[in-house]
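S.K.: Before we start, here is the structure in question, set down as structure tokens.
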Number of protein chains: 4
Amino acid sequence: MFAVVKKWRDIGAEIAPVEVPELKKDEVIVKVKAASICGTDVEIWNWNEWAQGRLKKIPLIIGHELAGEVVELGEDVAALQEGDMVSAETHIVDGTCYQCRTDRMHVCQNMEILGVDRDGVFAEYVALPERNAWKNDPKLDPAIASLQEPLGNAVQSVLPKDHIEDIAGKNVAVLGCGPIGLMTIAVLNTLGAAKVFATAGGRNEVRMELARKMGADTVLNAREEGEDVVKTIRDATDGNGVDVALEMSGAASAVRQAFEILTSGGRVSLLGILERPLEFDVNTAVIFRAATVYGIHGRRMFQTWYQVKGLLAQPDFRNKIASIITHRLPIKDVAEGMELINSKQAGKVLLEPRWE
Amino acid sequence: MFAVVKKWRDIGAEIAPVEVPELKKDEVIVKVKAASICGTDVEIWNWNEWAQGRLKKIPLIIGHELAGEVVELGEDVAALQEGDMVSAETHIVDGTCYQCRTDRMHVCQNMEILGVDRDGVFAEYVALPERNAWKNDPKLDPAIASLQEPLGNAVQSVLPKDHIEDIAGKNVAVLGCGPIGLMTIAVLNTLGAAKVFATAGGRNEVRMELARKMGADTVLNAREEGEDVVKTIRDATDGNGVDVALEMSGAASAVRQAFEILTSGGRVSLLGILERPLEFDVNTAVIFRAATVYGIHGRRMFQTWYQVKGLLAQPDFRNKIASIITHRLPIKDVAEGMELINSKQAGKVLLEPRWE
Amino acid sequence: MFAVVKKWRDIGAEIAPVEVPELKKDEVIVKVKAASICGTDVEIWNWNEWAQGRLKKIPLIIGHELAGEVVELGEDVAALQEGDMVSAETHIVDGTCYQCRTDRMHVCQNMEILGVDRDGVFAEYVALPERNAWKNDPKLDPAIASLQEPLGNAVQSVLPKDHIEDIAGKNVAVLGCGPIGLMTIAVLNTLGAAKVFATAGGRNEVRMELARKMGADTVLNAREEGEDVVKTIRDATDGNGVDVALEMSGAASAVRQAFEILTSGGRVSLLGILERPLEFDVNTAVIFRAATVYGIHGRRMFQTWYQVKGLLAQPDFRNKIASIITHRLPIKDVAEGMELINSKQAGKVLLEPRWE
Amino acid sequence: MFAVVKKWRDIGAEIAPVEVPELKKDEVIVKVKAASICGTDVEIWNWNEWAQGRLKKIPLIIGHELAGEVVELGEDVAALQEGDMVSAETHIVDGTCYQCRTDRMHVCQNMEILGVDRDGVFAEYVALPERNAWKNDPKLDPAIASLQEPLGNAVQSVLPKDHIEDIAGKNVAVLGCGPIGLMTIAVLNTLGAAKVFATAGGRNEVRMELARKMGADTVLNAREEGEDVVKTIRDATDGNGVDVALEMSGAASAVRQAFEILTSGGRVSLLGILERPLEFDVNTAVIFRAATVYGIHGRRMFQTWYQVKGLLAQPDFRNKIASIITHRLPIKDVAEGMELINSKQAGKVLLEPRWE
């Protein structure tokens, strides 16, 4: 079969013929119907510092967001059948560590990630552990089904725990309008937020327009308006600031703003990965403000998948999510997809299984 | 001034001239612009068993849901001004008991209720403690502003605590489609519920139609369909049942159904007052199901008011709530309003300050 | 090997020679070092109405609380080794249903229970799924290790969810002083409760004395003192009532008292199984009091096991729990153990592996 | 009367005769029976950078922790009587801002602090708003009653919200053994923590000895052992790290350690004020670890006071807290008390009302 393979420890990857994955007894073989490009895939493609330090297995088939069809079942597989349409929870956990046994398997101590630690989904076929296969409604468009995994991150950012202050009638800010930021705006809008503020890192009309489409009440250009982001949001919230701030950009300035716009006793979710250690006034940002801060990593398994399923059952929400897909390319043009994201011209790029 | 006064311990009340309320130093005088009829007002009007046991003060001006304008300020009043448009949190609390000092003032040990323990709002003017006056956006339609108090009960039913399982993507049932039940459906729909099931007590096309308008996916006639309510809801939820069941009817059969349709580990809110003690299989309903049950009484002060404000900032939600008002009458026709509710022909009945 | 076998659908069970259990690939064989008698075992022994309706598999080896040594490993077992000392989480779950995938596997839709649905631990050897084997500190006394499973129920009653009002400095009542009630008192005492009230069902000096030993500040004889339980507890709490009431008896009168002694906005856990449907004033008990009610069934897997492990690391707590074991018998005298519990002369009865 | 007065914007303060405070209608006059020195008092005495920027009112009577007797009542005071023994919630809030109306009055937008913004308690008499006076059991030793305010901070650090992961059976670390750190250890021990680790900033045998006395299982010298704090704690927790880390020192190295010793999905409370902005690896510390971080400022009003009351009802806990008081001085020797704290020779220093 064909696959997008990282063959060397350098920039790029190659479309190459490889062996069809071997079937293990507790896994299934999935024929890929749609795959989408995540920021992590771009980092691996670009071979940035993080990727250089993180990747152990080379050659590696990259990619992890997908929708596909189960075509072969391992002998121990019980809950799936051939023909089932599935997506993948991409975090493969051990099930026995302290975190797994205390309802935090999304931070398992021995986690393997699809397309990072083992062969991924930018391929004709992929092997998936049964418990990582999430069965989709067969009527769900594979393009949208593939987006459920990052949508889970959006939900996790908004609702990091089961018992959390609700969004209903609250003012919320999303800092950063990459694909997960955009999805987060749609989630907030569907959860009854009063006002949703979004900031985007300047020069990016595509994303600002998408942010409005997702339901943001106010979209601010973080670069041009600079410090006035704080004043604008304070003014629009009776001086109180937002109840919830969601940092999705990884920019140091945005992390600081997340606290500056926060009402005392409010909460912040941090999802965006920073490039370097942050110089940070902990007293003012966190302590005097009695803020709560949630580090967001992965998605709760599988609460977030049920939440995503429930949200996607609503046509308005489903249509919003679909509109984040700005480009659909045959997978043979994966390099073009990477370039579109690197140049920030895209929302989400979807790859379709055409290899030649 | 004129007011609707309960003058005797019997059915009905009388429109009568009374003294304008006296101004205390920590209170304000409010000119009533709109008032709405609550089920409690009807019970007092009808002089049912509950009312006979509960009312101490006769004569009493009845009514508690309102929007009005502040026309006079007590000497200690600091946060309000003449001309402010306000609604009323109708629970007047002592501020010093165990409940008040531990963020549960909505169940204060020494609570007085407007229109029940002290003179209410079916009058030209009403005296309100400053801290019970909720300042409205002056652009908010007084008819909708008057509905904020019961809307707070709807929000309280859905989100009884700050830290509660979220509605996002969950399946939910509302049992009972009186005004608070209808408002609750609108709240759930705005909070991203996956599927909302509603049951109405039969023979009531007005309310079933309103339930659909509020956003219920399925509206069931509890009386005709009888036991099949459970089967219908189970079938529509992959056999799991609903995550959240909200009992708003006070019917014993509905309380039982609330548990029968609940997924194990789910939660139930009980708001509807029952006519008599319930014969109840606690083992099956609550224990084996590991259910959580919330008794709903009043509204958290003032978290629910902020939530209601935030929800009403959304035009779709505001329009839904407006459509629950099926009748607008001059207050001189209050008896007609009571009759409309007693005969279950109405959603919410709004009274306008025309006395002659 | 020998085992205590329920051979017929009638009272009692028989010590009989049976086959050693077969080893499956994801299970281990455990040599039983200690086993303790649970109320459920007594119900099966007594062949009461619940047992008659619940048991499908006859003949059945009964018993489920144990400590033992792993003596044989199935081929897929990874996290255990021969010689490991283990206890058993007795609920065998499917891992794939809605409850299992949303952190509520203790209410799995397809649960099998050790000693109820499959052969149990009153035997020389028992087969356990790997994931149900909880590895003990090899220095932990097997007698105490065997009590961890019901101790988990005690912890679950006190802390039914991860995010729950704390016990620290709160007033708490435990209604019912059977073994789990007694363990619950010890847990509360160790968690910083201000005052712990306990009620016992009369005529039972053994249990009342144990309740005091566990750390109850006040132990009331529910039968003699009758209605004064409520007055006594109200008086001792500045009139506020308790913050938390834990019903462990299954007596209808105790369920009612649990609410009558509760402060408004407080919480109740219901663990005791009732003999018949309850006639219950839902309005006063739950709604007007804005109470939260938790149905307690099983133990969260495996959060409660970690909590129990942490508590047992404290010598004071461990000693208290040890003192609940009032009788240690060779397992050949299991009938005597059942009789001791039926006549309410015992705290907890421990069975030691002497068969002849 | 006499008082300790900050008369100039420089180091120190002066014992001077001043006017007895004026009685307002919603306040009471309290005769001081005991007062204790807080780190904030020392900062004001030392006139450090924070104090220079923070203090507006000079001259100012300093001090805020006290126990005293109500000797005069304002005309509106209802819930107190002459002769009542009281302590003070030192945060005087407006009661009407967004935070006050949403159960977060401890971060009121318009807060005044006793001994910082208005005259404090190092005086013969002090005026207190009625709602800030906490009525003590008359039998409670004034020395201990005075410590309730910082004890509330300890409780707030451990349980920052009503709904929080419990301490029962969890491993916890306290970084910093100043008076609040010490109190926190006692609280954790009383709440059923499995293992409590404490770190102290070197050279301070008094505090390390007190930490052991409070119930710490392991006390580490942060300065000498340096990086091994992390290894030691990881090794003692099966490699998992602690579930909860409480930063009470304000040292940058301790903030970093709080995360390095934390299990994934664990929580951190930050109470210690840092001297300067922190250079901080947010990715590793917070995001990849899915940590929750709570900024701790003040005490929830008045939940923490009830918790403190409940904990102090336990003799063991009360005795531990009493032993933190290492010095009792007549208030005329306040300068000596400040020196004892500056030289880190003291636990808590208590001032008794002897002026000459």
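Here's how to read the names in the structure tokens: chain A, B, ... by the order shown, residue numbers from 1 in each chain, ligand numbers from 1 in the order shown.
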Once you count only C-alpha atoms, which residues of chain C turn out to be within 8 Å of chain D? Could you give them as a ChimeraX atom specification?

M.R.: /C:159,162-166,168-171,190-195,306-311,313-314

S.K.: So that I can see what lies close to Lys231 in chain C, please list as an mmCIF file with N, CA and C atoms, in the first residue's frame the residues with an atom at most 10 Å from it, counting only C-alpha atoms and leaving out residues fewer than 3 positions away in the same chain.

M.R.:
data_model
loop_
_atom_site.group_PDB
_atom_site.id
_atom_site.type_symbol
_atom_site.label_atom_id
_atom_site.label_comp_id
_atom_site.auth_asym_id
_atom_site.auth_seq_id
_atom_site.Cartn_x
_atom_site.Cartn_y
_atom_site.Cartn_z
ATOM 1 N N GLU C 227 -37.849 9.055 68.157
ATOM 2 C CA GLU C 227 -37.863 10.346 67.482
ATOM 3 C C GLU C 227 -36.805 11.305 68.000
ATOM 4 N N ASP C 228 -36.306 11.050 69.215
ATOM 5 C CA ASP C 228 -35.368 12.005 69.777
ATOM 6 C C ASP C 228 -34.027 12.021 69.078
ATOM 7 N N ARG C 234 -30.060 17.763 66.174
ATOM 8 C CA ARG C 234 -30.294 19.194 65.928
ATOM 9 C C ARG C 234 -29.707 20.032 67.070
ATOM 10 N N ASP C 235 -29.970 19.598 68.297
ATOM 11 C CA ASP C 235 -29.488 20.378 69.439
ATOM 12 C C ASP C 235 -27.963 20.453 69.475
ATOM 13 N N ALA C 236 -27.333 19.369 69.058
ATOM 14 C CA ALA C 236 -25.868 19.319 69.147
ATOM 15 C C ALA C 236 -25.187 20.033 67.986
ATOM 16 N N GLY C 239 -28.706 23.753 66.065
ATOM 17 C CA GLY C 239 -29.983 23.791 65.358
ATOM 18 C C GLY C 239 -29.859 23.610 63.859
ATOM 19 N N GLY C 241 -28.470 21.119 62.083
ATOM 20 C CA GLY C 241 -28.496 19.766 61.531
ATOM 21 C C GLY C 241 -27.145 19.418 60.936
ATOM 22 N N GLU C 260 -34.401 14.348 57.963
ATOM 23 C CA GLU C 260 -34.881 15.220 59.051
ATOM 24 C C GLU C 260 -33.736 15.860 59.822
ATOM 25 N N ILE C 261 -32.587 15.204 59.841
ATOM 26 C CA ILE C 261 -31.448 15.762 60.582
ATOM 27 C C ILE C 261 -30.526 16.570 59.680
#

S.K.: For a quick check of understanding, using only C-alpha atoms, which of C:Gly12, C:Gly215, C:Gly115, C:Pro315 has the smallest distance to Asn48 in chain C?

M.R.: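 Nearest candidate to Asn48 in chain C out of C:Gly12, C:Gly215, C:Gly115, C:Pro315: C:Gly12.
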
S.K.: Do you have the CA of Lys348 in chain C-CA of Ala216 in chain C distance handy?

M.R.: 18.1 Å

S.K.: For Asn153 in chain A, list every protein, DNA or RNA residue within 9 Å, evaluated using only C-alpha atoms, and leave out those in the same chain fewer than 5 positions away; present the list as a CSV table (one decimal) with all heavy atoms, in the first residue's frame.

M.R.:
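Generated output (result-v8.csv):
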chain,number,residue,atom,x,y,z
A,148,GLN,N,-13.3,14.8,14.6
A,148,GLN,CA,-13.7,14.6,16.0
A,148,GLN,C,-12.6,14.6,17.0
A,148,GLN,O,-12.8,15.0,18.1
A,148,GLN,CB,-14.5,13.2,16.1
A,148,GLN,CG,-15.8,13.3,15.4
A,148,GLN,CD,-16.5,11.9,15.4
A,148,GLN,OE1,-17.4,11.7,16.2
A,148,GLN,NE2,-16.0,11.0,14.6
A,158,VAL,N,-12.7,23.5,27.0
A,158,VAL,CA,-13.9,24.2,27.5
A,158,VAL,C,-14.4,23.6,28.8
A,158,VAL,O,-14.7,24.3,29.8
A,158,VAL,CB,-15.0,24.2,26.5
A,158,VAL,CG1,-16.3,24.8,27.1
A,158,VAL,CG2,-14.6,25.0,25.2
A,180,ILE,N,-8.2,24.4,16.2
A,180,ILE,CA,-8.8,24.1,17.5
A,180,ILE,C,-9.5,25.3,18.2
A,180,ILE,O,-10.5,25.2,18.7
A,180,ILE,CB,-7.8,23.4,18.5
A,180,ILE,CG1,-7.4,22.0,17.8
A,180,ILE,CG2,-8.5,23.1,19.8
A,180,ILE,CD1,-6.4,21.2,18.7
A,184,THR,N,-13.3,25.6,19.1
A,184,THR,CA,-13.7,26.0,20.5
A,184,THR,C,-14.7,27.1,20.5
A,184,THR,O,-15.7,27.1,21.3
A,184,THR,CB,-12.4,26.4,21.2
A,184,THR,OG1,-11.5,25.3,21.2
A,184,THR,CG2,-12.7,26.9,22.6
A,271,LEU,N,-3.9,25.4,26.3
A,271,LEU,CA,-3.7,24.3,25.4
A,271,LEU,C,-2.5,24.6,24.4
A,271,LEU,O,-1.8,23.7,24.1
A,271,LEU,CB,-5.0,24.1,24.6
A,271,LEU,CG,-4.9,23.2,23.4
A,271,LEU,CD1,-5.9,22.1,23.5
A,271,LEU,CD2,-5.0,23.9,22.0
A,296,ILE,N,-4.2,21.7,29.5
A,296,ILE,CA,-5.0,20.8,28.6
A,296,ILE,C,-4.1,19.9,27.7
A,296,ILE,O,-3.3,20.5,27.0
A,296,ILE,CB,-5.9,21.7,27.7
A,296,ILE,CG1,-6.8,22.6,28.5
A,296,ILE,CG2,-6.8,20.8,26.8
A,296,ILE,CD1,-7.7,22.0,29.5
A,297,HIS,N,-4.3,18.7,27.8
A,297,HIS,CA,-3.4,17.7,27.1
A,297,HIS,C,-4.3,16.5,26.8
A,297,HIS,O,-4.7,15.8,27.7
A,297,HIS,CB,-2.2,17.3,27.9
A,297,HIS,CG,-1.1,16.7,27.1
A,297,HIS,ND1,-0.6,17.4,26.0
A,297,HIS,CD2,-0.5,15.6,27.3
A,297,HIS,CE1,0.4,16.6,25.5
A,297,HIS,NE2,0.5,15.5,26.2
A,298,GLY,N,-4.6,16.3,25.5
A,298,GLY,CA,-5.4,15.2,25.1
A,298,GLY,C,-6.9,15.5,25.4
A,298,GLY,O,-7.3,16.6,25.7
A,299,ARG,N,-7.6,14.4,25.4
A,299,ARG,CA,-9.1,14.4,25.6
A,299,ARG,C,-9.4,13.3,26.6
A,299,ARG,O,-8.9,12.2,26.5
A,299,ARG,CB,-9.8,14.1,24.3
A,299,ARG,CG,-9.6,14.9,23.1
A,299,ARG,CD,-9.8,14.1,21.9
A,299,ARG,NE,-8.7,13.0,21.8
A,299,ARG,CZ,-7.5,13.2,21.5
A,299,ARG,NH1,-7.1,14.4,21.1
A,299,ARG,NH2,-6.6,12.3,21.5
A,300,ARG,N,-10.3,13.6,27.5
A,300,ARG,CA,-10.7,12.6,28.4
A,300,ARG,C,-11.4,11.4,27.7
A,300,ARG,O,-12.2,11.7,26.8
A,300,ARG,CB,-11.7,13.1,29.5
A,300,ARG,CG,-10.9,13.9,30.6
A,300,ARG,CD,-11.9,14.5,31.6
A,300,ARG,NE,-12.9,15.2,30.9
A,300,ARG,CZ,-14.2,15.2,31.3
A,300,ARG,NH1,-14.5,14.6,32.4
A,300,ARG,NH2,-15.0,15.9,30.6
A,304,THR,N,-15.2,12.9,26.3
A,304,THR,CA,-15.2,13.9,25.3
A,304,THR,C,-15.8,13.4,24.0
A,304,THR,O,-16.4,14.1,23.2
A,304,THR,CB,-13.8,14.5,25.0
A,304,THR,OG1,-12.9,13.4,24.8
A,304,THR,CG2,-13.3,15.3,26.2

S.K.: Neighbours of Gly95 in chain C within 8 Å (only C-alpha atoms; same-chain residues fewer than 3 positions away dropped), as a tab-separated table (two decimals) with all heavy atoms, in the first residue's frame?

M.R.:
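Resulting contents of selection_35.tsv:
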chain	number	residue	atom	x	y	z
C	100	CYS	N	-18.85	2.32	31.40
C	100	CYS	CA	-17.42	2.02	31.49
C	100	CYS	C	-16.59	3.08	30.77
C	100	CYS	O	-15.49	3.41	31.20
C	100	CYS	CB	-17.12	0.64	30.92
C	100	CYS	SG	-17.56	-0.69	32.04
C	101	ARG	N	-17.13	3.59	29.67
C	101	ARG	CA	-16.35	4.56	28.89
C	101	ARG	C	-16.51	5.98	29.38
C	101	ARG	O	-16.00	6.92	28.78
C	101	ARG	CB	-16.75	4.45	27.42
C	101	ARG	CG	-16.22	3.18	26.77
C	101	ARG	CD	-16.13	3.35	25.26
C	101	ARG	NE	-14.98	2.65	24.73
C	101	ARG	CZ	-14.57	2.75	23.47
C	101	ARG	NH1	-15.20	3.54	22.63
C	101	ARG	NH2	-13.51	2.09	23.05
C	105	MET	N	-17.51	2.74	35.67
C	105	MET	CA	-17.55	1.30	35.44
C	105	MET	C	-18.15	0.55	36.62
C	105	MET	O	-18.57	-0.59	36.46
C	105	MET	CB	-16.19	0.74	35.03
C	105	MET	CG	-15.01	1.14	35.81
C	105	MET	SD	-13.51	0.25	35.20
C	105	MET	CE	-13.00	1.26	33.82
C	108	CYS	N	-21.40	-0.60	35.49
C	108	CYS	CA	-21.35	-1.23	34.15
C	108	CYS	C	-22.69	-1.89	33.82
C	108	CYS	O	-23.34	-2.49	34.68
C	108	CYS	CB	-20.24	-2.27	34.15
C	108	CYS	SG	-20.23	-3.36	32.71

S.K.: If I take CA of Ala346 in chain A and CA of Leu182 in chain A, how far is one from the other in Å, to one decimal?

M.R.: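 Going from CA of Ala346 in chain A over to CA of Leu182 in chain A covers 11.9 Å.
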
S.K.: Residues within 10 Å of Asn342 in chain A, please, as an mmCIF file with C-alpha atoms, in the first residue's frame. Count only C-alpha atoms; anything in the same chain fewer than 6 positions from it doesn't count.

M.R.:
data_model
loop_
_atom_site.group_PDB
_atom_site.id
_atom_site.type_symbol
_atom_site.label_atom_id
_atom_site.label_comp_id
_atom_site.auth_asym_id
_atom_site.auth_seq_id
_atom_site.Cartn_x
_atom_site.Cartn_y
_atom_site.Cartn_z
ATOM 1 C CA GLY A 39 -0.500 21.024 13.753
ATOM 2 C CA VAL A 42 3.130 19.942 10.406
ATOM 3 C CA GLU A 43 5.703 20.061 13.185
ATOM 4 C CA ASN A 46 8.862 20.738 9.373
ATOM 5 C CA GLU A 336 0.771 21.297 -0.616
#
